[in-house]
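Asker: Below you will find the structure I want to go over with you.
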Amino acid sequence: MPARTTAASSDATPAGAEPQAIDAPLSIAATFLVLNVKDTPRAQAAVRATLGATGDLIKTITSRDLSRGFTCNVGIGSRVWETLTGLSKPRELHPFREIRGAAHTAVSTPGDLLYHLRAPTMDLIVEFEKLLMQAFGDAVEPVDEVSGFRYFDGRDLLEFVDGTANPDGLALPQATLVGKEDPDHVGGSYVVIQKYLHDLDAWRAQQVEAQEAIIGRRKFDNTELPDAPAPAQKSHKTLCTISDAQGEHDILRDNMPFASPARGEYGTYFIGYTRHLWVIEKMLERMFIGDPAPLHDRILDFSTAQTGAVFFVPARAVLDAMGD
């Protein structure tokens, strides 16, 4: 994927602020685990201890993984940030804000902790989760757990290539890691998650040309289509491109398809890492409200948001310190 111009400077990762595995390569398997922390001192102490032991839990798995392909990112939500870390909140951290458009809604759902687990095989993820939940004991309550898989040619279940616009090279840390604009949280990253369910029957009833106009890319070769002239209906690609006087603001997507064919469930788990939370919020506003309103993203006519939550993925040292 070609790197894209970003508005961030090159100061995002000074020494001593090693990030979590934000930039890990796309994986074959992934699980997204969302937990709530019980509101008791005993539960909170157990959660702090387990968060502090995250590095050791990861090593337990990676020592059995010759590919070194297992990674774990931990995000902490606004509700419990100060209680668990003892630190002031990152400047933009707040609960997911519901976005209600004329036709569709980006819902806000609970979540105190996010574990984003990636691996070449599911056995590594299951083993890590088993050890993790044993460590937490009854201090947490599961909110949601979704396991995804890499579909043909890196496509989603709408059969379009996903994540083409991801930054790479030096543009990747610049787009995803907090820098000197928030010095107490350098090396961290905001992350937004949403679980979407697709109406595949309705989607497949569309002509390929109509699908391509909705996405903004050719289905076969993934090439971009020209942007629609203002004030015409914009494609998904265009609505999710955020630019201002400083340039184009990228995010890192590591979306995964998930499915339960026996239940007729087919979906995409959206996960976006960003240096500036407002960038993803602006994308979602443009998708659900429209630009201009009420011309919402037509992908939402076939994809319904079931969840929505915001977390901050702190630098490794923040997690390690919780075990002290």
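Each chain of the structure tokens is named A, B, ... in the order shown, its residues numbered from 1; ligands are numbered from 1 in display order.
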Hey, which bits of range 246-313 of chain A sit within 12 Å of range 200-206 of chain A, and for each residue what's the closest pair of atoms and how far apart in Å (one decimal), counting only C-alpha atoms, rows by chain and increasing number, as a Markdown table?
Answerer:
| residue | atom | partner | partner_atom | distance |
| --- | --- | --- | --- | --- |
| A:Ala259 | CA | A:Leu200 | CA | 11.4 |
| A:Pro261 | CA | A:Leu200 | CA | 11.3 |
| A:Gly264 | CA | A:Leu200 | CA | 9.3 |
| A:Glu265 | CA | A:Leu200 | CA | 9.2 |
| A:Tyr266 | CA | A:Leu200 | CA | 7.5 |
| A:Gly267 | CA | A:Leu200 | CA | 9.2 |
| A:Thr268 | CA | A:Leu200 | CA | 11.8 |
| A:Arg298 | CA | A:Trp203 | CA | 10.8 |
| A:Ile299 | CA | A:Trp203 | CA | 9.1 |
| A:Leu300 | CA | A:Trp203 | CA | 10.7 |
| A:Asp301 | CA | A:Trp203 | CA | 8.8 |
| A:Phe302 | CA | A:Trp203 | CA | 6.2 |
| A:Ser303 | CA | A:Leu200 | CA | 8.8 |
| A:Thr304 | CA | A:Leu200 | CA | 11.5 |
Asker: If you run DSSP on this backbone, which residues of range 168-255 of chain A come out as alpha helix (DSSP H), and could you give them as a list in words?
Answerer: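 Residues meeting the alpha helix (DSSP H) criterion: Ala171, Leu172, Pro173, Gln174, Ala175, Thr176, Leu200, Asp201, Ala202, Trp203, Arg204, Val208, Glu209, Ala210, Gln211, Glu212, Ala213, Ile214, Ile215, His236, Lys237, Thr238 and Leu239 of chain A.
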Asker: Give me, as a PDB file with C-alpha atoms, in the first residue's frame, all polymer residues having an atom no more than 10 Å from Leu225 in chain A, counting only C-alpha atoms and skipping those fewer than 2 positions away in the same chain.
Answerer:
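Final output, result-v9.pdb:
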ATOM      1  CA  GLU A 212     -18.479   0.318  -7.015  1.00  0.00           C
ATOM      2  CA  ALA A 213     -20.124   3.740  -6.897  1.00  0.00           C
ATOM      3  CA  ILE A 215     -17.481   2.095  -2.262  1.00  0.00           C
ATOM      4  CA  GLY A 216     -15.571   4.413  -4.614  1.00  0.00           C
ATOM      5  CA  ARG A 217     -13.324   1.678  -6.032  1.00  0.00           C
ATOM      6  CA  ARG A 218     -13.394  -0.921  -8.756  1.00  0.00           C
ATOM      7  CA  ASN A 222      -9.293  -2.066  -6.395  1.00  0.00           C
ATOM      8  CA  THR A 223      -8.496   1.101  -8.377  1.00  0.00           C
ATOM      9  CA  ASP A 227     -14.715  11.672  -6.665  1.00  0.00           C
ATOM     10  CA  ALA A 228     -18.268  12.771  -7.342  1.00  0.00           C
ATOM     11  CA  SER A 235     -18.712   7.440  -2.063  1.00  0.00           C
ATOM     12  CA  LYS A 237     -13.936   6.335   0.085  1.00  0.00           C
ATOM     13  CA  THR A 238     -14.523  10.062  -0.257  1.00  0.00           C
TER      14      THR A 238
END
Asker: How many Å lie between CA of Phe312 in chain A and CA of Val161 in chain A, rounded to one decimal?
Answerer: 27.3 Å
Asker: Could you work out how far CA of Ala317 in chain A lies from CA of Gly188 in chain A, giving the answer in Å with one decimal?
Answerer: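 These atoms are spaced 10.3 Å apart.
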Asker: What's the separation between CA of Ile58 in chain A and CA of Phe270 in chain A, in Å to one decimal place?
Answerer: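 Between CA of Ile58 in chain A and CA of Phe270 in chain A the gap works out to 23.6 Å.
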Asker: DSSP says strand (DSSP E or B) for which residues of range 36-256 of chain A? Put them as an MDAnalysis selection string?
Answerer: chainID A and resid 36:37 71:76 99:100 105:106 113:119 140:149 155 161 189:198 217 224 242:244 247:249 252:253 256
Asker: Write out as a ChimeraX atom specification each polymer residue whose atoms come within 12 Å of Asp184 in chain A, counting only C-alpha atoms; drop sequence neighbours fewer than 2 positions from it.
Answerer: /A:16-17,87-91,178-182,186-188,314-315,317-318
Asker: Compile the contact shell of Leu252 in chain A as a list of chain:residue names: residues with an atom at most 6 Å away, counting only C-alpha atoms, same-chain residues fewer than 5 positions apart removed.
Answerer: A:Asn166, A:Gly272, A:Tyr273
Asker: Considering only C-alpha atoms, can you say which of A:Ile289, A:Leu35, A:Ile193, A:Val146 comes closest to Ser260 in chain A?
Answerer: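 Using only C-alpha atoms, Ser260 in chain A sits closest to A:Val146.
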Asker: Leaving out Arg316 in chain A and any residue of its chain fewer than 2 positions from it, which residues lie within 7 Å of it when counting only C-alpha atoms, given as a VMD selection string?
Answerer: chain A and resid 18 to 20 314 318 to 320
Asker: Can you work out which one of A:Asn36, A:Gly75, A:Ala135, A:Asp291 has the shortest atom-to-atom distance to Leu57 in chain A, counting only C-alpha atoms?
Answerer: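 Of A:Asn36, A:Gly75, A:Ala135, A:Asp291, the one nearest Leu57 in chain A is A:Ala135, counting only C-alpha atoms.
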Asker: Hey, which of A:Phe220, A:Phe136, A:Trp81, A:Trp278 ends up closest to Glu159 in chain A? Count only C-alpha atoms.
Answerer: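 Of all the options, A:Phe220 lies closest to Glu159 in chain A.
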Asker: Which of these, A:Arg253, A:Lys195, A:Arg100, A:His296, has the shortest distance to Lys234 in chain A once you count only C-alpha atoms?
Answerer: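 When distances to Lys234 in chain A are compared using only C-alpha atoms, the smallest one comes from A:His296.
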Asker: Find the residues around Phe288 in chain A up to 7 Å (only C-alpha atoms counted), leave out those fewer than 6 positions away in its own chain, and share them as a VMD selection string.
Answerer: chain A and resid 99 to 101 104 to 106 296 to 297
Asker: Quick one: of A:Gly55, A:Pro25, A:Pro120, A:Gly154, who's nearest to Ser67 in chain A, counting only C-alpha atoms?
Answerer: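 Using only C-alpha atoms, the shortest distance to Ser67 in chain A belongs to A:Pro120.
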Asker: So, with only C-alpha atoms as the atoms that count, which of A:Leu93, A:Met287, A:Ile271, A:Ala262 lies closest to Leu239 in chain A?
Answerer: A:Met287
